[in-house]
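Asks: See entry-v1.cif below, with mmCIF, C-alpha atoms.
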```
data_coords
#
loop_
_atom_site.label_atom_id
_atom_site.label_comp_id
_atom_site.auth_asym_id
_atom_site.auth_seq_id
_atom_site.Cartn_x
_atom_site.Cartn_y
_atom_site.Cartn_z
CA MET A 1 7.48 1.25 -23.36
CA SER A 2 5.69 2.21 -20.14
CA ALA A 3 6.42 0.35 -16.93
CA PRO A 4 3.65 -2.21 -16.24
CA VAL A 5 1.60 -3.04 -13.19
CA VAL A 6 3.03 -6.26 -11.71
CA VAL A 7 0.93 -8.69 -9.68
CA GLY A 8 2.02 -11.74 -7.72
CA VAL A 9 0.00 -14.79 -8.81
CA ASP A 10 -0.48 -17.97 -6.77
CA GLY A 11 -4.06 -19.07 -7.49
CA SER A 12 -5.42 -18.34 -4.01
CA PRO A 13 -8.69 -16.38 -3.62
CA SER A 14 -6.70 -13.46 -2.21
CA GLY A 15 -4.24 -13.71 -5.08
CA LEU A 16 -7.02 -13.70 -7.67
CA ALA A 17 -8.54 -10.62 -6.03
CA ALA A 18 -5.13 -9.00 -6.37
CA VAL A 19 -5.05 -9.93 -10.06
CA GLU A 20 -8.40 -8.23 -10.65
CA THR A 21 -7.31 -5.14 -8.73
CA ALA A 22 -4.04 -4.99 -10.65
CA ALA A 23 -5.91 -5.31 -13.96
CA ARG A 24 -8.14 -2.36 -13.05
CA GLU A 25 -5.10 -0.34 -12.03
CA ALA A 26 -3.38 -1.10 -15.34
CA GLY A 27 -6.53 -0.22 -17.28
CA ALA A 28 -6.94 3.09 -15.47
CA ARG A 29 -3.32 3.97 -16.18
CA GLY A 30 -3.40 2.79 -19.80
CA ILE A 31 -0.41 0.50 -19.28
CA GLY A 32 0.27 -3.23 -19.43
CA LEU A 33 -0.22 -5.89 -16.77
CA ARG A 34 2.47 -8.43 -15.90
CA LEU A 35 1.44 -11.63 -14.10
CA VAL A 36 4.31 -13.15 -12.11
CA HIS A 37 4.37 -16.53 -10.40
CA ALA A 38 7.43 -17.18 -8.25
CA PHE A 39 8.34 -20.86 -7.90
CA GLY A 40 10.58 -21.10 -4.84
CA TRP A 41 11.23 -24.87 -4.80
CA PRO A 42 11.47 -26.52 -2.27
CA GLY A 43 9.18 -24.03 -0.55
CA ALA A 44 6.56 -24.20 -3.29
CA ARG A 45 3.38 -26.23 -3.00
CA VAL A 46 4.00 -29.53 -4.85
CA PRO A 47 1.17 -31.84 -6.01
CA PRO A 48 0.62 -34.97 -3.88
CA GLY A 49 2.79 -37.89 -4.90
CA ALA A 50 5.46 -35.77 -6.57
CA PRO A 51 8.99 -37.12 -6.15
CA PRO A 52 11.11 -34.40 -4.47
CA TRP A 53 13.75 -34.68 -7.20
CA ASN A 54 11.19 -34.15 -10.00
CA PRO A 55 8.09 -32.21 -8.91
CA ALA A 56 7.26 -31.34 -12.51
CA GLY A 57 6.77 -35.03 -13.17
CA ALA A 58 3.63 -35.05 -11.03
CA GLY A 59 1.88 -32.28 -12.91
CA LEU A 60 3.39 -29.21 -11.30
CA ARG A 61 3.93 -27.55 -14.66
CA GLU A 62 0.32 -28.16 -15.64
CA MET A 63 -0.86 -26.80 -12.28
CA VAL A 64 1.17 -23.61 -12.69
CA ASP A 65 -0.01 -23.21 -16.29
CA GLY A 66 -3.59 -23.57 -15.11
CA THR A 67 -3.07 -21.02 -12.34
CA MET A 68 -1.61 -18.49 -14.77
CA ALA A 69 -4.34 -19.13 -17.33
CA GLU A 70 -7.06 -18.50 -14.74
CA ALA A 71 -5.32 -15.32 -13.60
CA GLU A 72 -5.10 -14.10 -17.19
CA ARG A 73 -8.79 -14.91 -17.73
CA ARG A 74 -9.78 -12.96 -14.61
CA ALA A 75 -7.66 -9.99 -15.64
CA GLY A 76 -9.07 -9.99 -19.16
CA THR A 77 -12.61 -10.05 -17.82
CA VAL A 78 -12.28 -6.97 -15.60
CA ALA A 79 -9.98 -5.02 -17.96
CA PRO A 80 -10.50 -6.33 -21.51
CA GLY A 81 -8.35 -3.68 -23.19
CA VAL A 82 -5.22 -4.26 -21.12
CA GLU A 83 -2.18 -5.92 -22.66
CA ILE A 84 -1.25 -8.89 -20.46
CA SER A 85 2.04 -10.73 -20.18
CA ARG A 86 2.93 -13.53 -17.81
CA GLU A 87 6.08 -15.01 -16.38
CA VAL A 88 6.97 -17.98 -14.18
CA VAL A 89 10.20 -17.23 -12.31
CA ALA A 90 12.35 -19.56 -10.21
CA GLY A 91 12.99 -17.94 -6.86
CA GLU A 92 11.42 -16.86 -3.59
CA PRO A 93 8.51 -14.40 -3.96
CA ILE A 94 10.09 -11.92 -1.56
CA MET A 95 13.07 -11.46 -3.89
CA VAL A 96 11.32 -12.01 -7.22
CA LEU A 97 8.76 -9.27 -6.58
CA GLU A 98 11.37 -6.88 -5.21
CA ILE A 99 13.36 -7.31 -8.44
CA GLU A 100 10.18 -6.89 -10.51
CA SER A 101 9.48 -3.60 -8.69
CA ARG A 102 12.57 -2.04 -10.26
CA THR A 103 10.82 -1.87 -13.62
CA ALA A 104 7.17 -1.64 -12.48
CA ALA A 105 4.78 1.26 -12.03
CA LEU A 106 3.03 -0.59 -9.21
CA VAL A 107 3.28 -4.01 -7.53
CA VAL A 108 0.04 -5.60 -6.30
CA VAL A 109 -0.14 -8.57 -3.91
CA GLY A 110 -2.83 -10.37 -1.97
CA SER A 111 -2.98 -10.44 1.80
CA ARG A 112 -3.09 -14.23 1.99
CA GLY A 113 -1.56 -16.78 -0.32
CA LEU A 114 -0.66 -20.38 -1.03
CA SER A 115 2.74 -22.05 -1.01
CA ALA A 116 5.60 -19.60 -0.71
CA PHE A 117 3.16 -16.70 -0.83
CA ALA A 118 1.63 -17.82 2.48
CA ALA A 119 3.79 -15.31 4.34
CA LEU A 120 1.66 -12.60 2.75
CA LEU A 121 -0.62 -12.94 5.77
CA LEU A 122 1.11 -9.64 6.36
CA GLY A 123 4.22 -11.02 7.89
CA SER A 124 7.73 -10.60 6.64
CA THR A 125 7.08 -10.85 2.89
CA SER A 126 4.62 -7.99 2.45
CA ALA A 127 6.37 -5.83 5.05
CA HIS A 128 9.67 -6.39 3.26
CA LEU A 129 8.17 -5.61 -0.12
CA ALA A 130 6.42 -2.46 1.14
CA ALA A 131 9.69 -1.27 2.69
CA HIS A 132 12.12 -2.16 -0.09
CA ALA A 133 10.23 -2.09 -3.41
CA ASP A 134 11.30 0.58 -5.87
CA CYS A 135 7.69 1.44 -6.70
CA PRO A 136 4.41 1.76 -4.75
CA VAL A 137 3.05 -1.51 -3.34
CA MET A 138 -0.66 -2.25 -3.04
CA VAL A 139 -1.79 -4.99 -0.65
CA VAL A 140 -5.33 -6.16 -1.41
CA ARG A 141 -7.21 -6.85 1.81
CA GLY A 142 -10.56 -6.14 3.41
CA THR A 143 -13.69 -5.29 1.44
CA PRO A 144 -13.31 -2.20 -0.73
CA HIS A 145 -16.45 -0.31 -1.73
CA PRO A 146 -16.17 1.56 -5.06
CA GLU A 147 -18.53 4.28 -3.89
CA ASP A 148 -16.26 5.21 -0.98
CA PRO A 149 -13.40 7.76 -1.22
CA VAL A 150 -9.67 7.24 -1.32
CA LEU A 151 -8.21 7.82 2.16
CA LEU A 152 -4.81 9.47 2.55
CA ALA A 153 -2.82 9.47 5.78
CA VAL A 154 -1.23 12.93 6.06
CA ASP A 155 1.60 13.55 8.52
CA GLY A 156 3.44 16.43 6.90
CA SER A 157 6.77 14.63 6.65
CA PRO A 158 8.98 14.81 3.52
CA ALA A 159 8.82 11.00 3.38
CA ALA A 160 5.05 11.19 2.77
CA GLU A 161 5.21 13.44 -0.30
CA GLY A 162 5.09 10.46 -2.64
CA ALA A 163 1.99 9.14 -0.87
CA VAL A 164 0.22 12.47 -1.35
CA GLU A 165 0.95 12.45 -5.09
CA PHE A 166 -0.13 8.81 -5.41
CA ALA A 167 -3.39 9.40 -3.52
CA PHE A 168 -4.42 12.35 -5.68
CA ALA A 169 -3.64 10.37 -8.85
CA GLU A 170 -5.65 7.39 -7.59
CA ALA A 171 -8.65 9.54 -6.68
CA SER A 172 -8.51 11.16 -10.13
CA MET A 173 -8.27 7.82 -11.95
CA ARG A 174 -11.08 6.31 -9.90
CA GLY A 175 -13.29 9.38 -10.23
CA THR A 176 -13.83 9.57 -6.49
CA ASP A 177 -13.28 11.99 -3.63
CA LEU A 178 -10.10 12.11 -1.58
CA VAL A 179 -10.19 12.29 2.21
CA ALA A 180 -6.94 13.58 3.68
CA LEU A 181 -6.84 12.49 7.31
CA HIS A 182 -4.35 14.09 9.68
CA VAL A 183 -4.31 12.61 13.18
CA TRP A 184 -2.74 14.57 16.01
CA ASN A 185 -2.43 14.31 19.76
CA THR A 186 -0.66 16.04 22.61
CA ARG A 187 2.26 13.62 22.44
CA THR A 188 3.54 15.28 19.28
CA GLU A 189 6.98 16.86 19.55
CA ARG A 190 5.52 20.25 18.59
CA VAL A 191 3.78 20.48 21.97
CA TYR A 192 7.03 21.58 23.55
CA ASP A 193 8.96 24.76 22.92
CA GLY A 194 12.37 23.19 23.21
CA ALA A 195 14.25 19.91 23.45
CA ALA A 196 14.79 20.33 27.22
CA ASP A 197 11.12 20.75 28.09
CA PRO A 198 9.85 18.07 30.48
CA PRO A 199 6.95 15.80 29.44
CA PHE A 200 4.64 17.38 32.01
CA VAL A 201 5.07 20.90 30.57
CA THR A 202 1.87 22.83 29.93
CA TYR A 203 0.90 23.53 26.34
CA ASP A 204 -1.53 25.65 24.39
CA GLU A 205 -3.93 23.16 22.80
CA ASP A 206 -5.51 25.74 20.49
CA ARG A 207 -2.10 26.77 19.23
CA LEU A 208 -1.14 23.16 18.68
CA ARG A 209 -4.31 22.41 16.73
CA ASP A 210 -3.75 25.49 14.54
CA GLU A 211 -0.21 24.32 13.86
CA GLU A 212 -1.40 20.84 12.91
CA GLU A 213 -4.02 22.31 10.60
CA ARG A 214 -1.41 24.51 8.93
CA LEU A 215 0.88 21.52 8.47
CA CYS A 216 -1.91 19.50 6.86
CA ALA A 217 -2.84 22.33 4.48
CA GLU A 218 0.78 22.83 3.41
CA SER A 219 1.20 19.12 2.71
CA LEU A 220 -1.70 19.20 0.24
CA SER A 221 -1.44 22.65 -1.30
CA GLY A 222 0.64 21.88 -4.38
CA MET A 223 -1.36 18.81 -5.37
CA ARG A 224 -4.70 20.60 -5.12
CA GLU A 225 -3.62 22.89 -7.97
CA ARG A 226 -2.36 19.97 -10.05
CA HIS A 227 -5.58 17.97 -9.57
CA PRO A 228 -8.46 20.45 -9.49
CA GLU A 229 -10.79 17.67 -10.65
CA VAL A 230 -10.40 15.86 -7.32
CA THR A 231 -12.80 16.84 -4.54
CA LEU A 232 -10.69 17.03 -1.40
CA HIS A 233 -11.97 16.70 2.15
CA ARG A 234 -9.51 17.59 4.90
CA ARG A 235 -10.09 15.93 8.25
CA LEU A 236 -8.19 16.80 11.39
CA VAL A 237 -8.70 14.23 14.14
CA ARG A 238 -7.32 14.19 17.65
CA GLY A 239 -6.58 10.63 18.69
CA ARG A 240 -4.24 7.69 18.30
CA VAL A 241 -2.80 7.58 14.80
CA ARG A 242 -2.98 3.86 14.10
CA ALA A 243 -6.41 3.32 15.62
CA SER A 244 -7.85 6.37 13.84
CA LEU A 245 -6.57 5.30 10.42
CA ILE A 246 -7.79 1.73 10.84
CA GLU A 247 -11.22 2.95 11.89
CA ALA A 248 -11.44 5.39 8.96
CA SER A 249 -10.40 2.66 6.50
CA ALA A 250 -13.77 0.97 7.02
CA GLU A 251 -15.28 3.75 4.89
CA ALA A 252 -12.63 3.89 2.16
CA GLN A 253 -11.95 2.01 -1.06
CA LEU A 254 -8.18 2.49 -0.67
CA LEU A 255 -5.88 3.70 2.10
CA VAL A 256 -2.64 5.38 1.02
CA VAL A 257 0.25 5.74 3.48
CA GLY A 258 3.91 6.65 3.32
CA ALA A 259 6.43 3.96 4.11
CA ARG A 260 7.98 5.94 6.95
CA GLY A 261 6.47 9.08 8.40
CA ARG A 262 7.26 11.80 10.86
CA GLY A 263 9.15 10.67 13.93
CA GLY A 264 10.52 7.53 12.24
CA PHE A 265 14.03 6.47 13.13
CA THR A 266 16.67 6.99 10.47
CA GLY A 267 17.12 3.76 8.56
CA LEU A 268 13.74 2.35 9.59
CA ARG A 269 12.30 1.44 6.20
CA LEU A 270 8.71 0.75 7.26
CA GLY A 271 7.12 2.74 10.05
CA SER A 272 4.88 1.36 12.79
CA VAL A 273 1.79 3.09 11.39
CA SER A 274 2.33 1.57 7.94
CA GLN A 275 2.83 -1.87 9.46
CA ALA A 276 -0.30 -1.53 11.59
CA VAL A 277 -2.58 -0.66 8.67
CA LEU A 278 -1.09 -3.46 6.57
CA HIS A 279 -2.20 -5.85 9.29
CA HIS A 280 -5.54 -4.37 10.28
CA ALA A 281 -7.01 -2.01 7.65
CA HIS A 282 -10.51 -2.76 6.37
CA CYS A 283 -9.64 -1.95 2.74
CA PRO A 284 -6.68 -2.32 0.35
CA VAL A 285 -3.55 -0.42 1.39
CA ALA A 286 -1.00 1.30 -0.85
CA VAL A 287 2.40 1.96 0.70
CA VAL A 288 4.41 4.60 -1.13
CA ARG A 289 8.07 5.20 -0.44
CA SER A 290 9.57 8.63 -0.96
CA ALA A 291 11.96 8.98 -3.87
CA LYS A 292 14.50 10.28 -1.34
CA GLU A 293 14.50 7.07 0.71
#
```
Starting from the coordinates I provided, produce the structure as structure tokens.

Replies:
Amino acid sequence: MSAPVVVGVDGSPSGLAAVETAAREAGARGIGLRLVHAFGWPGARVPPGAPPWNPAGAGLREMVDGTMAEAERRAGTVAPGVEISREVVAGEPIMVLEIESRTAALVVVGSRGLSAFAALLLGSTSAHLAAHADCPVMVVRGTPHPEDPVLLAVDGSPAAEGAVEFAFAEASMRGTDLVALHVWNTRTERVYDGAADPPFVTYDEDRLRDEEERLCAESLSGMRERHPEVTLHRRLVRGRVRASLIEASAEAQLLVVGARGRGGFTGLRLGSVSQAVLHHAHCPVAVVRSAKE
């Protein structure tokens, strides 16, 4: 049985948008959808008047059942052929979804939630999940436009290889173009000829740009042959990495980044660029960890 797409459900508008996105992802992949609600009592939202020793006595079970039923209805509407299962799990969302990721093809979450999912305002919960999940994580935020391309952040690092593969597959499934954006600037370590060079050393900007272009082409070469159906646009931009990606995300239906790119410290599970786009991107963001991490 194929691994399903897993989505965190809490009944919030952001959570329901995540359910619909997850259903489309499952439909495009031809796999099942698993709806998961994590009940982390006492952190969960309890109906007014509920005694703390028996929250279910005040209709909590009915509320959760209603939330899951609405999520299933939404999913069935946008992807009627997808097999849907649902599960209510006792535990904190941050741990429940991490465990679910071990047997999932993709985990989808909203950017804002209710109850224990409230930390998904891109604080510790989503950052933790993006850094530690065993599968790609998609955070639904912003306003995606289906006519726009998939945007891939290319940095040439081994840690980003999984992101490249994921982005090509997404563009193919969605029937859209792929824009591979490589941002460079003169602060890159390749400006200098050796480790002892001072920061004020002169550099050959044309040579540096050629090197960056070669790096970008090499990062994409293998996948272009595997996905000839995808129209690829390579963009080389000189600027600040985080600001350039966030700006470009305004014209994308999905931004794909690696969890930790070039220049990241060993052991740092989620890089600063990935964290920045999770907070500020104008479209959904998929964070893909390398299989080697």

Asks: To one decimal place, how far is CA of Leu232 in chain A from CA of Val137 in chain A in Å?

Replies: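 Calculated distance between CA of Leu232 in chain A and CA of Val137 in chain A is 23.2 Å.
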
Asks: I would like the residues chosen by the PyMOL selection byres ((chain A and resi 136) around 7) on the shown file; could you give them as a list in words?

Replies: Leu106, Val107, Cys135, Val137, Met138, Ala286, Val287, Val288 and Arg289 of chain A

Asks: From the set A:Val241, A:Ala180, A:Leu16, A:Val7, which residue has the shortest atom-to-atom contact distance to Glu165 in chain A, counting all atoms listed in the file?

Replies: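 With all atoms listed in the file as the atom set, the closest residue is A:Ala180.
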
Asks: CA of Ala131 in chain A and CA of Ser12 in chain A are how many Å apart?

Replies: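 Between these atoms lies a distance of 23.8 Å.
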
Asks: Excluding Glu161 in chain A and its own-chain neighbours fewer than 4 positions away, which residues fall within 10 Å of it when counting all atoms listed in the file? Please give them as a ChimeraX atom specification.

Replies: /A:154-157,165-166,219-220,223,257-258,261,288-292

Asks: Let me see the file: selected residues, C-alpha atoms, as a PDB file, in the coordinates of the input.

Replies:
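Wrote it out as again04.pdb, contents follow:
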```pdb
ATOM      1  CA  VAL A 154      -1.230  12.930   6.060  1.00  0.00           C
ATOM      2  CA  ASP A 155       1.600  13.550   8.520  1.00  0.00           C
ATOM      3  CA  GLY A 156       3.440  16.430   6.900  1.00  0.00           C
ATOM      4  CA  SER A 157       6.770  14.630   6.650  1.00  0.00           C
ATOM      5  CA  GLU A 165       0.950  12.450  -5.090  1.00  0.00           C
ATOM      6  CA  PHE A 166      -0.130   8.810  -5.410  1.00  0.00           C
ATOM      7  CA  SER A 219       1.200  19.120   2.710  1.00  0.00           C
ATOM      8  CA  LEU A 220      -1.700  19.200   0.240  1.00  0.00           C
ATOM      9  CA  MET A 223      -1.360  18.810  -5.370  1.00  0.00           C
ATOM     10  CA  VAL A 257       0.250   5.740   3.480  1.00  0.00           C
ATOM     11  CA  GLY A 258       3.910   6.650   3.320  1.00  0.00           C
ATOM     12  CA  GLY A 261       6.470   9.080   8.400  1.00  0.00           C
ATOM     13  CA  VAL A 288       4.410   4.600  -1.130  1.00  0.00           C
ATOM     14  CA  ARG A 289       8.070   5.200  -0.440  1.00  0.00           C
ATOM     15  CA  SER A 290       9.570   8.630  -0.960  1.00  0.00           C
ATOM     16  CA  ALA A 291      11.960   8.980  -3.870  1.00  0.00           C
ATOM     17  CA  LYS A 292      14.500  10.280  -1.340  1.00  0.00           C
TER      18      LYS A 292
END
```

Asks: Give me the residues within 12 Å of Val19 in chain A as number ranges by chain, counting all atoms listed in the file and dropping any in the same chain fewer than 5 places off.

Replies: A: 5-14, 24-26, 33-37, 67-79, 84, 86, 107-110, 138-140

Asks: Neighbourhood query: residues within 9 Å of (-3.7, 11.8, 17.3), file coordinates, counting only C-alpha atoms; return as a PyMOL selection string.

Replies: chain A and resi 182-188+236-242+244

Asks: Starting from the shown file, work through the PyMOL selection byres ((chain A and resi 147) around 8) and note down what comes out as a list in words.

Replies: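 Applying the PyMOL selection byres ((chain A and resi 147) around 8) to the structure shown produces His145, Pro146, Asp148, Pro149, Thr176 and Gln253 of chain A.
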
Asks: Could you dump the residues just selected with C-alpha atoms as a compact mmCIF listing (two decimals), in the frame of the given file?

Replies:
```txt
# COMPACT_ATOMS: atom_id res chain seq x y z
CA HIS A 145 -16.45 -0.31 -1.73
CA PRO A 146 -16.17 1.56 -5.06
CA ASP A 148 -16.26 5.21 -0.98
CA PRO A 149 -13.40 7.76 -1.22
CA THR A 176 -13.83 9.57 -6.49
CA GLN A 253 -11.95 2.01 -1.06
```

Asks: For the atom pair CA of Ala105 in chain A and CA of Leu151 in chain A, what is the interatomic distance in Å to one decimal place?

Replies: 20.3 Å

Asks: Give as an NGL selection string the set of residues within 9 Å of the point (-12.0, -4.0, 2.4), where distances use the file's coordinates and all atoms listed in the file.

Replies: :A and (140-145 or 249-254 or 281-284)

Asks: Take the residues that were just selected and, keeping C-alpha atoms, output them as a compact mmCIF listing (two decimals), in the coordinates of the input.

Replies:
```
# COMPACT_ATOMS: atom_id res chain seq x y z
CA VAL A 140 -5.33 -6.16 -1.41
CA ARG A 141 -7.21 -6.85 1.81
CA GLY A 142 -10.56 -6.14 3.41
CA THR A 143 -13.69 -5.29 1.44
CA PRO A 144 -13.31 -2.20 -0.73
CA HIS A 145 -16.45 -0.31 -1.73
CA SER A 249 -10.40 2.66 6.50
CA ALA A 250 -13.77 0.97 7.02
CA GLU A 251 -15.28 3.75 4.89
CA ALA A 252 -12.63 3.89 2.16
CA GLN A 253 -11.95 2.01 -1.06
CA LEU A 254 -8.18 2.49 -0.67
CA ALA A 281 -7.01 -2.01 7.65
CA HIS A 282 -10.51 -2.76 6.37
CA CYS A 283 -9.64 -1.95 2.74
CA PRO A 284 -6.68 -2.32 0.35
```
